[in-house]
Amino acid sequence: MTLHDTVWRNARLATLAGDGLGVVDGGAVAAKDGRITYAGPEAGLTGEAIRSVDCAGRWITPGLIDCHTHLVFGGDRAREFEMRLDGATYEEIARAGGGIVSSVRATRAASEAELTDSALRRLDHLIAEGVTTVEVKSGYGLDLESEARCLRVARGLEAARPVSIAATCLAAHALPPEFAGDKDGYIAEVCDRILPAVARDGLADAVDAFCEGIAFSPDQTARVFAAANRLGLPVKLHADQLSNLHGARLAARHRALSADHLEHTDEEGCAALARAGTVAVLLPGAFYALRETQAPPVAELRRHGARLALATDSNPGTSPLTSLLLAMNMGATLFRLTVAECLAGVTREAARALGLLRDRGTLEAGKWCDLAIWEIERPAELVYRIGFNPLHQRIFRGA
């Protein structure tokens, strides 16, 4: 007879298994050794449990997943927020030495302990909303020492909190001041020194790049991807956020895990993402903060069958957002995503965007027992409410 460590009974489940919400009324979830042993109708549950929890009809979803953040950085960019309110564009701020480069100065000056303390404050807000997995990008160091320090901090967050961290090296985020006017020289530094070092030390699970006019060209980005491929690291891409450089197509061609932003992606790019299985990660926080007017082509992405994920893009300059629940509301309100798309976007599809769907993102036997238990009447409440957190309990690895 099966002996479960814990069974959560008398619950309503949104398993997210398959392509829908996977709703189960009168459901139960069982776990042993941190993994789900059963998720489905309570009537089908067999075996005994050491511990039984009556959920009193509450909803259980997979633990939420924030698949695109920049949690580790120094300083803040509140002054640039004021500049944007006064009419300055993202490009103007960047060209004036603000933007990412100002965060680079603050990050390089911060100690590992300081970076950890500030990142934990942001991470705690996500955890409080039922988030159990977070992707954390580097990209504010832009030299080997600082990028490695940021990635060590990201890795160390797992030791400080009950959370799973996916670390991504985004060294190709912006041009550091010491390489002013020499983008090709910096890309060589990224490919020849930074990526091999972080790969050797096991500091990164993936490699990202910012393909944009104010950042790096498609050819330069392709060089970064080739280097990542040689090192056995999967790739992701900040694509088509401010203009259409055909970043979505580039990401698809390199079988990227995800292409993120996508406001200016064309129909061919949408089709390419769907064919490649590259997840389209939508970031409404940045769209909102930058007061953009061109939304991602959600209808075209749907029509071609692309997978849609949602994330906070939590960062100091263009999305100072640490609420995945609010990101869902923004995704629905600003991008017209459905409730099912929003919930899948922060669970199943977010896991897919990180290459982690094999062990999280849905309530299925064999996956990690990462759960969010909600005090709600229907799943739509998680998307509908603004500034309200209905989390009853968060379960990480069965505990």
# chains A, B, ... in the order shown; residues from 1 in each chain; ligands from 1

$ residues_around --residues "Glu263 of chain A" --least-positions-apart "3" --cutoff "10 Å" --atoms "only C-alpha atoms" --output "PyMOL selection string"
chain A and resi 239-244+260+266+282-284+287+292-298

$ select_by_dssp --residues "segment 151-259 of chain A" --states "helix (DSSP H, G or I)" --output "number ranges by chain"
A: 151-160, 177-179, 183-200, 218-230, 247-253

$ closest_residue --among "A:Pro62, A:Met328, A:Gly305, A:Leu13" --to "Gly387 of chain A" --atoms "only C-alpha atoms"
A:Met328

$ closest_residue --among "A:Val72, A:Leu363, A:Ala11, A:Ala299" --to "Ser138 of chain A" --atoms "only C-alpha atoms"
A:Val72

$ residues_around --residues "Ile373 of chain A" --least-positions-apart "3" --cutoff "7 Å" --atoms "only C-alpha atoms" --output "PDB file with C-alpha atoms, in the first residue's frame"
ATOM      1  CA  ARG A  58      -9.980  25.979  -1.518  1.00  0.00           C
ATOM      2  CA  TRP A  59      -8.310  26.004  -4.929  1.00  0.00           C
ATOM      3  CA  ILE A  60      -4.886  24.470  -5.529  1.00  0.00           C
ATOM      4  CA  THR A  61      -2.735  25.438  -8.494  1.00  0.00           C
ATOM      5  CA  LEU A 391      -2.820  33.160  -1.102  1.00  0.00           C
ATOM      6  CA  HIS A 392      -3.772  30.824   1.763  1.00  0.00           C
ATOM      7  CA  GLN A 393      -0.626  28.696   1.782  1.00  0.00           C
ATOM      8  CA  ARG A 394       2.430  28.056  -0.328  1.00  0.00           C
TER       9      ARG A 394
END

$ closest_residue --among "A:Ala119, A:Cys169, A:Val224, A:Ala96" --to "Leu203 of chain A" --atoms "only C-alpha atoms"
A:Cys169

$ select_by_dssp --residues "segment 47-175 of chain A" --states "strand (DSSP E)" --output "PyMOL selection string"
chain A and resi 48-54+59-62+64-66+131-137+164-172

$ write_last_selection --atoms "N, CA, C and O atoms" --output "compact mmCIF listing (two decimals), in the first residue's frame"
# COMPACT_ATOMS: atom_id res chain seq x y z
N GLU A 48 -2.41 5.35 2.20
CA GLU A 48 -2.53 6.06 3.47
C GLU A 48 -1.58 7.27 3.47
O GLU A 48 -0.66 7.35 2.66
N ALA A 49 -1.84 8.19 4.39
CA ALA A 49 -1.01 9.38 4.49
C ALA A 49 -0.58 9.61 5.93
O ALA A 49 -1.36 9.40 6.86
N ILE A 50 0.66 10.03 6.10
CA ILE A 50 1.14 10.40 7.43
C ILE A 50 0.41 11.64 7.92
O ILE A 50 0.08 11.78 9.10
N ARG A 51 0.14 12.55 6.98
CA ARG A 51 -0.50 13.82 7.34
C ARG A 51 -1.59 14.12 6.33
O ARG A 51 -1.38 13.98 5.12
N SER A 52 -2.75 14.53 6.81
CA SER A 52 -3.86 14.87 5.94
C SER A 52 -4.31 16.30 6.21
O SER A 52 -4.47 16.69 7.38
N VAL A 53 -4.48 17.08 5.14
CA VAL A 53 -4.86 18.49 5.26
C VAL A 53 -6.20 18.68 4.57
O VAL A 53 -6.34 18.38 3.38
N ASP A 54 -7.19 19.18 5.31
CA ASP A 54 -8.50 19.50 4.75
C ASP A 54 -8.43 20.92 4.18
O ASP A 54 -8.27 21.89 4.93
N TRP A 59 -8.92 26.37 -3.65
CA TRP A 59 -8.31 26.00 -4.93
C TRP A 59 -6.82 25.75 -4.75
O TRP A 59 -6.14 26.47 -4.01
N ILE A 60 -6.33 24.75 -5.47
CA ILE A 60 -4.89 24.47 -5.53
C ILE A 60 -4.44 24.59 -6.97
O ILE A 60 -5.03 23.99 -7.89
N THR A 61 -3.39 25.36 -7.18
CA THR A 61 -2.73 25.44 -8.49
C THR A 61 -1.28 25.02 -8.32
O THR A 61 -0.78 24.93 -7.20
N PRO A 62 -0.58 24.77 -9.41
CA PRO A 62 0.86 24.63 -9.29
C PRO A 62 1.45 25.90 -8.67
O PRO A 62 0.88 27.00 -8.82
N LEU A 64 3.45 29.16 -8.56
CA LEU A 64 3.65 30.08 -9.68
C LEU A 64 5.14 30.15 -10.05
O LEU A 64 6.02 29.93 -9.23
N ILE A 65 5.38 30.50 -11.31
CA ILE A 65 6.74 30.56 -11.85
C ILE A 65 6.93 31.90 -12.54
O ILE A 65 6.19 32.24 -13.47
N ASP A 66 7.90 32.67 -12.10
CA ASP A 66 8.25 33.94 -12.75
C ASP A 66 9.45 33.67 -13.64
O ASP A 66 10.58 33.53 -13.16
N VAL A 131 4.83 32.18 -5.52
CA VAL A 131 5.86 31.85 -6.51
C VAL A 131 6.84 30.86 -5.90
O VAL A 131 7.34 31.07 -4.79
N THR A 132 7.13 29.80 -6.64
CA THR A 132 8.05 28.77 -6.15
C THR A 132 9.30 28.61 -7.02
O THR A 132 10.27 27.99 -6.59
N THR A 133 9.25 29.12 -8.25
CA THR A 133 10.42 29.09 -9.14
C THR A 133 10.59 30.47 -9.76
O THR A 133 9.61 31.07 -10.22
N VAL A 134 11.82 30.96 -9.78
CA VAL A 134 12.12 32.29 -10.33
C VAL A 134 13.35 32.20 -11.21
O VAL A 134 14.38 31.66 -10.79
N GLU A 135 13.25 32.73 -12.41
CA GLU A 135 14.43 32.91 -13.25
C GLU A 135 15.06 34.24 -12.89
O GLU A 135 14.35 35.25 -12.77
N VAL A 136 16.38 34.25 -12.70
CA VAL A 136 17.11 35.47 -12.36
C VAL A 136 18.23 35.67 -13.37
O VAL A 136 19.10 34.80 -13.51
N LYS A 137 18.21 36.80 -14.05
CA LYS A 137 19.23 37.11 -15.04
C LYS A 137 20.32 37.98 -14.44
O LYS A 137 20.05 38.81 -13.56
N SER A 164 13.15 27.77 -5.92
CA SER A 164 14.05 27.26 -6.96
C SER A 164 14.44 28.40 -7.88
O SER A 164 13.58 29.16 -8.35
N ILE A 165 15.72 28.54 -8.14
CA ILE A 165 16.25 29.63 -8.97
C ILE A 165 16.84 29.06 -10.25
O ILE A 165 17.65 28.14 -10.21
N ALA A 166 16.42 29.62 -11.38
CA ALA A 166 17.08 29.35 -12.66
C ALA A 166 17.92 30.57 -13.00
O ALA A 166 17.39 31.68 -13.14
N ALA A 167 19.22 30.40 -13.10
CA ALA A 167 20.14 31.52 -13.33
C ALA A 167 20.48 31.63 -14.81
O ALA A 167 20.83 30.64 -15.45
N THR A 168 20.38 32.84 -15.34
CA THR A 168 20.63 33.10 -16.76
C THR A 168 21.70 34.17 -16.91
O THR A 168 21.60 35.23 -16.28
N CYS A 169 22.70 33.91 -17.74
CA CYS A 169 23.75 34.89 -18.00
C CYS A 169 23.32 35.82 -19.13
O CYS A 169 23.18 35.40 -20.28
N LEU A 170 23.09 37.07 -18.79
CA LEU A 170 22.70 38.10 -19.75
C LEU A 170 23.82 39.12 -19.89
O LEU A 170 23.62 40.33 -19.82
N ALA A 171 25.04 38.64 -20.08
CA ALA A 171 26.17 39.56 -20.25
C ALA A 171 25.99 40.45 -21.47
O ALA A 171 26.44 41.61 -21.49
N ALA A 172 25.32 39.94 -22.51
CA ALA A 172 25.07 40.74 -23.72
C ALA A 172 23.78 41.54 -23.55
O ALA A 172 22.82 41.41 -24.31

$ residues_around --residues "Val339 of chain A" --least-positions-apart "6" --cutoff "10 Å" --atoms "only C-alpha atoms" --output "ChimeraX atom specification"
/A:21,328-329,331-332,345,379-384

$ residues_around --residues "Tyr186 of chain A" --least-positions-apart "6" --cutoff "8 Å" --atoms "only C-alpha atoms" --output "MDAnalysis selection string"
chainID A and resid 175:176 179

$ residues_around --residues "Ala276 of chain A" --least-positions-apart "2" --cutoff "7 Å" --atoms "only C-alpha atoms" --output "mmCIF file with N, CA, C and O atoms, in the first residue's frame"
data_model
loop_
_atom_site.group_PDB
_atom_site.id
_atom_site.type_symbol
_atom_site.label_atom_id
_atom_site.label_comp_id
_atom_site.auth_asym_id
_atom_site.auth_seq_id
_atom_site.Cartn_x
_atom_site.Cartn_y
_atom_site.Cartn_z
ATOM 1 N N ALA A 252 13.950 31.655 -32.928
ATOM 2 C CA ALA A 252 13.418 30.388 -33.429
ATOM 3 C C ALA A 252 14.482 29.599 -34.182
ATOM 4 O O ALA A 252 14.583 28.375 -34.040
ATOM 5 N N ARG A 255 16.531 27.704 -31.920
ATOM 6 C CA ARG A 255 15.775 26.850 -31.000
ATOM 7 C C ARG A 255 15.860 27.365 -29.565
ATOM 8 O O ARG A 255 16.075 26.603 -28.609
ATOM 9 N N ALA A 272 7.332 31.482 -36.852
ATOM 10 C CA ALA A 272 8.617 30.834 -36.593
ATOM 11 C C ALA A 272 8.709 30.354 -35.147
ATOM 12 O O ALA A 272 9.207 29.250 -34.880
ATOM 13 N N LEU A 273 8.223 31.158 -34.204
ATOM 14 C CA LEU A 273 8.247 30.743 -32.800
ATOM 15 C C LEU A 273 7.424 29.479 -32.595
ATOM 16 O O LEU A 273 7.846 28.553 -31.895
ATOM 17 N N ALA A 274 6.246 29.456 -33.208
ATOM 18 C CA ALA A 274 5.378 28.285 -33.054
ATOM 19 C C ALA A 274 6.031 27.037 -33.630
ATOM 20 O O ALA A 274 5.999 25.968 -33.003
ATOM 21 N N THR A 278 9.509 27.608 -29.490
ATOM 22 C CA THR A 278 10.060 28.655 -28.631
ATOM 23 C C THR A 278 8.913 29.415 -27.974
ATOM 24 O O THR A 278 8.009 29.899 -28.650
#

$ closest_residue --among "A:His254, A:Arg352, A:Arg385, A:Arg378" --to "Leu326 of chain A" --atoms "only C-alpha atoms"
A:Arg385

$ closest_residue --among "A:Pro196, A:Leu343, A:Leu245, A:Leu3" --to "Leu325 of chain A" --atoms "only C-alpha atoms"
A:Leu343

$ closest_atom_pairs --of "segment 58-86 of chain A" --to "segment 205-214 of chain A" --cutoff "12 Å" --atoms "only C-alpha atoms" --output "JSON lines"
{"residue": "A:His68", "atom": "CA", "partner": "A:Asp208", "partner_atom": "CA", "distance": 10.6}
{"residue": "A:Thr69", "atom": "CA", "partner": "A:Asp208", "partner_atom": "CA", "distance": 11.8}
{"residue": "A:His70", "atom": "CA", "partner": "A:Asp208", "partner_atom": "CA", "distance": 11.7}

$ write_last_selection --atoms "N, CA, C and O atoms" --output "compact mmCIF listing (two decimals), in the first residue's frame"
# COMPACT_ATOMS: atom_id res chain seq x y z
N HIS A 68 10.97 35.41 -16.05
CA HIS A 68 11.83 36.48 -16.58
C HIS A 68 11.94 37.57 -15.53
O HIS A 68 11.03 38.38 -15.35
N THR A 69 13.07 37.58 -14.79
CA THR A 69 13.34 38.66 -13.84
C THR A 69 14.81 39.06 -13.92
O THR A 69 15.65 38.32 -14.41
N HIS A 70 15.07 40.24 -13.38
CA HIS A 70 16.43 40.76 -13.23
C HIS A 70 16.60 41.16 -11.76
O HIS A 70 16.89 42.31 -11.44

$ atom_distance --atom1 "atom CA of Leu195 of chain A" --atom2 "atom CA of Asn229 of chain A"
10.6 Å

$ residues_around --residues "Ser111 of chain A" --least-positions-apart "3" --cutoff "10 Å" --atoms "only C-alpha atoms" --output "list in words"
Gly74, Thr107, Arg108, Glu114, Leu115, Thr116, Asp117, Ser146, Arg149 and Cys150 of chain A

$ atom_distance --atom1 "atom CA of Ala113 of chain A" --atom2 "atom CA of Gly156 of chain A"
10.5 Å

$ closest_residue --among "A:Val281, A:Ile93, A:Ala159, A:Leu231" --to "Thr318 of chain A" --atoms "only C-alpha atoms"
A:Ile93

$ atom_distance --atom1 "atom CA of Lys183 of chain A" --atom2 "atom CA of His238 of chain A"
17.1 Å
